[in-house]
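Quick notes on the structure that follows.
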Amino acid sequence: MNKNSSTYIIIYSVVMVVVVATVLAVASMTLQPIQNANVELENKGAVLASVGLGSSGDIQAEYDQYITELSVEAADGSTLPLYESNADGKRLFIIPVSGSGLWGPIWGYVSVEGDWSTISGVVFDHKGETPGLGAEITTPKFTDQFVGKRLFEGPQLVGISVLKGAGSSQGNDHAVDAISGGTITSRAVETMITATLAQYLPYIEKQRNNESVE
Amino acid sequence: MKALNSKNWQYFLGPLSKDNPVVVQILGICSALAVTAQLKPAFVMAASVVVVTGFANLIMSCLRKGVPSRIRIIVQLVVIAFLVILVDQVLKAYVYDVSKQLSVYVGLIITNCILMGRVEAFALGHKPWPSFVDGIANGVGYGIILLMLGFVRELFGSGSLWGFRVVPEAWYIQNGGFYANNGLMMLPPMALILVGLIIWVHRSSNKDLIEK
C-alpha cells in the first residue's frame, strides 16, 4: 500500500487521533477524582494555614473541627464565601482573596481578628509566577510580614501596601516589604487584597458597626 | 539481543557528555533557563523529560514503518503531546505539590527541541530498544545540566539547596552580616551565562568537540 496516498494519510491520522483521544479521556476521567480531592484538600489546608492551624497532618479532621463555612452577600447581590474558625476560644474570620499575578491567577486566604481589621495570618498561592521571584509570595518570609498589620484605618479601608526595598515598611501598620525581583507579583497581591475586600465591604462595615454598638 | 550491549551502551553514554543535548547540541536551552532557579523544580522537570523522551522515542520507533513521511512531524507532535499530557495528569493526581511547583513548564515539555530532535534523528531510523535507550540518555543528559544550573542558581541566588537553608541567616547584611544573595542568579539571563560557562569548560576538556 502506498504510504503517501491521501487515503492512507487520512485513515492513519483519524485512527491515531481517535486512539490518543480515547486514552487521554480515560486517563483524565480516572484521575479526575484524585485530582479534585487534592485541590479540595489543598484549599482546606490553606484555610487552616491562614489561621495557623493544619500542621497535624490530618487536614480533613482539623477542618471539620474548627472551620465553619459561611456565605456573605456582596455589594452587587452575589454570594461570597467566608470562613469562620474557632480554635482555643478565639474567633477568626477567613476571607478568600483572588486576583491576577504576572503570569496567571494568584489567590489566597486572609484571616482577620474580631475587629475585621487586624490580620492574624495570610496564605498566598499562585498558578505560574516565576520560581524564586514572584513565586516567593507563598513563603513565610513574605506572608509572616502581614501578621498584625491592619486593613482599616478608623472606618476607612486602606488595605496593605507592598513597598519596594527591604525594611521600607518598618513601623508602617498598612504596609509590607515587596519581594525583590518580584515587584509585579507583589503589587498584584496588594491589588488583590484591596479589590477583594471592597466586595466584602458592606458586610464588614455592618459587622464592625454591630461590634462597636455592643 | 543483549539489553545493554556495547553499541547500546554507547547510545546511552554519548548524550551524557560528548553528545549532550544541552551543551553540545544546544537544544532545550529555553526550559533549562526557565525552571532552574531552584533545585527541586529542576529535578522534577528533568525526571519528567526523561520519561517523555524515553517513551516518545519508543513509541515513534514502533510506529516508524507505518508513519506516512508527509505527516510524520504531526504524528511526532501528537505522540509527544499525548505523553506530556499523561505525565501532567499523573503528576497532578499523585504528586500534587510538585506538579504545582512546575506549573506551566510541564506542558512546555512539548516544545522542548530535544524531543522532536531525537525522534526525528534517531527513533525513525532505529529499532525500539536502542531508541528507548537513546531517549532516556538524552533526557538524563538534559537533566544533568538542569541539576547543575539549579544547584548553582539556588545556592548563590537564594542561599539554599532543595529549599533548605545553606547560607546561615546571620551572614546576611540585613541581619548584620556581610553576605547578600546574588539577585542576577534568579534571572534567566544568568542561567544562559552559566550554560555558556559549562559549554566552555566542557569544550576545553573535550578537544575533539572543537571545530577546526
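By convention here, the chains of the C-alpha cells are called A, B, ... in the order presented, each chain's residues are numbered starting at 1, and ligands are numbered starting at 1 in the order presented.
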Select all residues from chain B having any atom no more than 9 Å from an atom of chain A (counting only C-alpha atoms, ignoring ligands), output as number ranges by chain. B: 34-38, 41, 66-71, 75, 78-79, 82, 85-86, 89-90, 92-94, 96, 100-105, 154, 157-158, 174, 183, 186-187
Can I get the selected residues back with C-alpha atoms, as an mmCIF file, in the first residue's frame?
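Output saved as out.cif:
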data_model
loop_
_atom_site.group_PDB
_atom_site.id
_atom_site.type_symbol
_atom_site.label_atom_id
_atom_site.label_comp_id
_atom_site.auth_asym_id
_atom_site.auth_seq_id
_atom_site.Cartn_x
_atom_site.Cartn_y
_atom_site.Cartn_z
ATOM 1 C CA ALA B 34 13.198 28.755 32.921
ATOM 2 C CA VAL B 35 12.962 26.066 35.582
ATOM 3 C CA THR B 36 16.417 26.108 37.169
ATOM 4 C CA ALA B 37 16.076 28.961 39.654
ATOM 5 C CA GLN B 38 15.655 26.239 42.275
ATOM 6 C CA PRO B 41 11.624 22.008 40.151
ATOM 7 C CA GLY B 66 3.767 2.796 9.203
ATOM 8 C CA VAL B 67 4.073 6.552 9.539
ATOM 9 C CA PRO B 68 3.419 8.386 6.246
ATOM 10 C CA SER B 69 6.525 10.524 5.842
ATOM 11 C CA ARG B 70 4.475 13.540 4.728
ATOM 12 C CA ILE B 71 2.755 13.851 8.095
ATOM 13 C CA VAL B 75 2.444 12.366 14.217
ATOM 14 C CA VAL B 78 0.709 14.144 18.683
ATOM 15 C CA VAL B 79 2.716 11.359 20.355
ATOM 16 C CA PHE B 82 -0.033 12.774 24.349
ATOM 17 C CA ILE B 85 -0.481 15.446 28.967
ATOM 18 C CA LEU B 86 -0.384 11.991 30.509
ATOM 19 C CA GLN B 89 -2.218 14.320 34.713
ATOM 20 C CA VAL B 90 -0.319 11.697 36.688
ATOM 21 C CA LYS B 92 -1.385 16.258 39.355
ATOM 22 C CA ALA B 93 -3.003 13.158 40.796
ATOM 23 C CA TYR B 94 -0.129 11.611 42.705
ATOM 24 C CA TYR B 96 0.229 17.306 43.539
ATOM 25 C CA LYS B 100 2.158 22.807 41.290
ATOM 26 C CA GLN B 101 5.785 23.845 41.542
ATOM 27 C CA LEU B 102 6.346 23.084 37.887
ATOM 28 C CA SER B 103 3.054 24.649 36.819
ATOM 29 C CA VAL B 104 3.198 25.571 33.149
ATOM 30 C CA TYR B 105 6.609 24.103 32.488
ATOM 31 C CA GLU B 154 19.685 28.220 44.125
ATOM 32 C CA GLY B 157 20.632 33.163 44.350
ATOM 33 C CA SER B 158 18.682 32.084 47.429
ATOM 34 C CA GLN B 174 20.144 42.871 56.890
ATOM 35 C CA GLY B 183 19.869 38.598 42.516
ATOM 36 C CA MET B 186 17.469 34.251 39.967
ATOM 37 C CA LEU B 187 17.031 35.662 36.478
#
Mind checking which residues fall within 8 Å of Ile179 of chain A, counting only C-alpha atoms, ignoring those fewer than 4 positions away in the same chain, and posting them as a PDB file with N, CA and C atoms, in the first residue's frame?
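The resulting around-v4.pdb:
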ATOM      1  N   LEU A 133      11.185  34.324  42.259  1.00  0.00           N
ATOM      2  CA  LEU A 133      10.826  35.751  42.240  1.00  0.00           C
ATOM      3  C   LEU A 133       9.386  35.904  42.709  1.00  0.00           C
ATOM      4  N   GLY A 134       8.447  36.024  41.788  1.00  0.00           N
ATOM      5  CA  GLY A 134       7.054  36.207  42.172  1.00  0.00           C
ATOM      6  C   GLY A 134       6.527  35.064  43.022  1.00  0.00           C
ATOM      7  N   GLU A 136       7.734  33.666  45.345  1.00  0.00           N
ATOM      8  CA  GLU A 136       8.093  33.806  46.758  1.00  0.00           C
ATOM      9  C   GLU A 136       6.946  34.339  47.610  1.00  0.00           C
ATOM     10  N   ILE A 137       5.851  34.796  46.988  1.00  0.00           N
ATOM     11  CA  ILE A 137       4.720  35.273  47.794  1.00  0.00           C
ATOM     12  C   ILE A 137       4.161  34.161  48.676  1.00  0.00           C
ATOM     13  N   PHE A 142       7.577  36.166  53.291  1.00  0.00           N
ATOM     14  CA  PHE A 142       6.684  37.212  52.809  1.00  0.00           C
ATOM     15  C   PHE A 142       5.402  37.268  53.626  1.00  0.00           C
ATOM     16  N   LYS A 164       8.621  48.762  47.994  1.00  0.00           N
ATOM     17  CA  LYS A 164       9.912  48.308  47.465  1.00  0.00           C
ATOM     18  C   LYS A 164      11.026  48.568  48.468  1.00  0.00           C
ATOM     19  N   THR A 183       8.396  42.444  41.800  1.00  0.00           N
ATOM     20  CA  THR A 183       7.590  43.639  42.071  1.00  0.00           C
ATOM     21  C   THR A 183       6.176  43.520  41.519  1.00  0.00           C
ATOM     22  N   SER A 186       4.188  41.221  43.633  1.00  0.00           N
ATOM     23  CA  SER A 186       3.946  41.839  44.939  1.00  0.00           C
ATOM     24  C   SER A 186       2.832  42.875  44.842  1.00  0.00           C
TER      25      SER A 186
END
Contact residues around Val166 of chain B with only C-alpha atoms at 8 Å, ignoring same-chain residues under 6 positions, as an MDAnalysis selection string: chainID B and resid 155 159:160
Mind giving me the straight-line distance from atom CA of Leu163 of chain A to atom CA of Leu92 of chain A in Å, one decimal?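 We find that atom CA of Leu163 of chain A and atom CA of Leu92 of chain A lie 26.8 Å from each other.
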Check segment 38-157 of chain A with DSSP on the backbone and list each residue it calls strand (DSSP E or B), as a PyMOL selection string. chain A and resi 67-73+79-87+90-100+105-112+118-126+150+152-153+156-157
Please report, as a list in words, each residue of segment 63-199 of chain A to which DSSP assigns alpha helix (DSSP H) when run on this structure's backbone. Tyr63, Asp64, Gln65, Tyr66, Pro140, Lys141, Phe142, Thr143, Thr183, Ile184, Thr185, Ser186, Arg187, Ala188, Val189, Glu190, Thr191, Met192, Ile193, Thr194, Ala195, Thr196, Leu197, Ala198 and Gln199 of chain A
Filtering to N, CA and C atoms, could you give me those residues as a short mmCIF file (atom, residue, chain, number, x, y, z; two decimals), in the first residue's frame?
data_model
loop_
_atom_site.label_atom_id
_atom_site.label_comp_id
_atom_site.auth_asym_id
_atom_site.auth_seq_id
_atom_site.Cartn_x
_atom_site.Cartn_y
_atom_site.Cartn_z
N TYR A 63 -10.10 20.51 59.79
CA TYR A 63 -11.02 21.41 59.10
C TYR A 63 -12.43 21.23 59.63
N ASP A 64 -12.84 19.96 59.75
CA ASP A 64 -14.19 19.69 60.26
C ASP A 64 -14.36 20.20 61.68
N GLN A 65 -13.29 20.14 62.44
CA GLN A 65 -13.38 20.51 63.85
C GLN A 65 -13.47 22.03 64.05
N TYR A 66 -12.66 22.78 63.29
CA TYR A 66 -12.51 24.21 63.62
C TYR A 66 -13.23 25.16 62.67
N PRO A 140 6.88 31.87 53.94
CA PRO A 140 6.64 32.52 55.23
C PRO A 140 7.35 33.87 55.34
N LYS A 141 8.50 33.98 54.68
CA LYS A 141 9.26 35.22 54.74
C LYS A 141 8.41 36.40 54.29
N PHE A 142 7.58 36.17 53.29
CA PHE A 142 6.68 37.21 52.81
C PHE A 142 5.40 37.27 53.63
N THR A 143 4.77 36.11 53.84
CA THR A 143 3.45 36.12 54.46
C THR A 143 3.50 36.50 55.94
N THR A 183 8.40 42.44 41.80
CA THR A 183 7.59 43.64 42.07
C THR A 183 6.18 43.52 41.52
N ILE A 184 6.05 42.99 40.31
CA ILE A 184 4.71 42.96 39.70
C ILE A 184 3.81 42.03 40.49
N THR A 185 4.32 40.87 40.87
CA THR A 185 3.52 39.94 41.66
C THR A 185 3.21 40.54 43.03
N SER A 186 4.19 41.22 43.63
CA SER A 186 3.95 41.84 44.94
C SER A 186 2.83 42.87 44.84
N ARG A 187 2.91 43.70 43.80
CA ARG A 187 1.85 44.70 43.61
C ARG A 187 0.51 44.02 43.40
N ALA A 188 0.53 42.89 42.68
CA ALA A 188 -0.71 42.18 42.42
C ALA A 188 -1.34 41.71 43.72
N VAL A 189 -0.50 41.33 44.69
CA VAL A 189 -1.02 40.91 46.00
C VAL A 189 -1.75 42.08 46.65
N GLU A 190 -1.13 43.25 46.58
CA GLU A 190 -1.72 44.47 47.15
C GLU A 190 -3.09 44.73 46.51
N THR A 191 -3.13 44.72 45.17
CA THR A 191 -4.38 44.96 44.46
C THR A 191 -5.42 43.91 44.79
N MET A 192 -4.98 42.66 44.86
CA MET A 192 -5.89 41.56 45.13
C MET A 192 -6.60 41.75 46.47
N ILE A 193 -5.83 42.10 47.50
CA ILE A 193 -6.43 42.24 48.83
C ILE A 193 -7.43 43.39 48.84
N THR A 194 -7.03 44.53 48.30
CA THR A 194 -7.92 45.69 48.32
C THR A 194 -9.18 45.41 47.51
N ALA A 195 -8.99 44.84 46.31
CA ALA A 195 -10.14 44.62 45.43
C ALA A 195 -11.12 43.62 46.05
N THR A 196 -10.59 42.55 46.64
CA THR A 196 -11.49 41.55 47.22
C THR A 196 -12.21 42.12 48.43
N LEU A 197 -11.47 42.86 49.25
CA LEU A 197 -12.11 43.40 50.45
C LEU A 197 -13.19 44.39 50.10
N ALA A 198 -13.01 45.12 49.00
CA ALA A 198 -14.03 46.08 48.58
C ALA A 198 -15.36 45.36 48.38
N GLN A 199 -15.29 44.13 47.88
CA GLN A 199 -16.51 43.33 47.68
C GLN A 199 -17.18 42.98 49.00
#
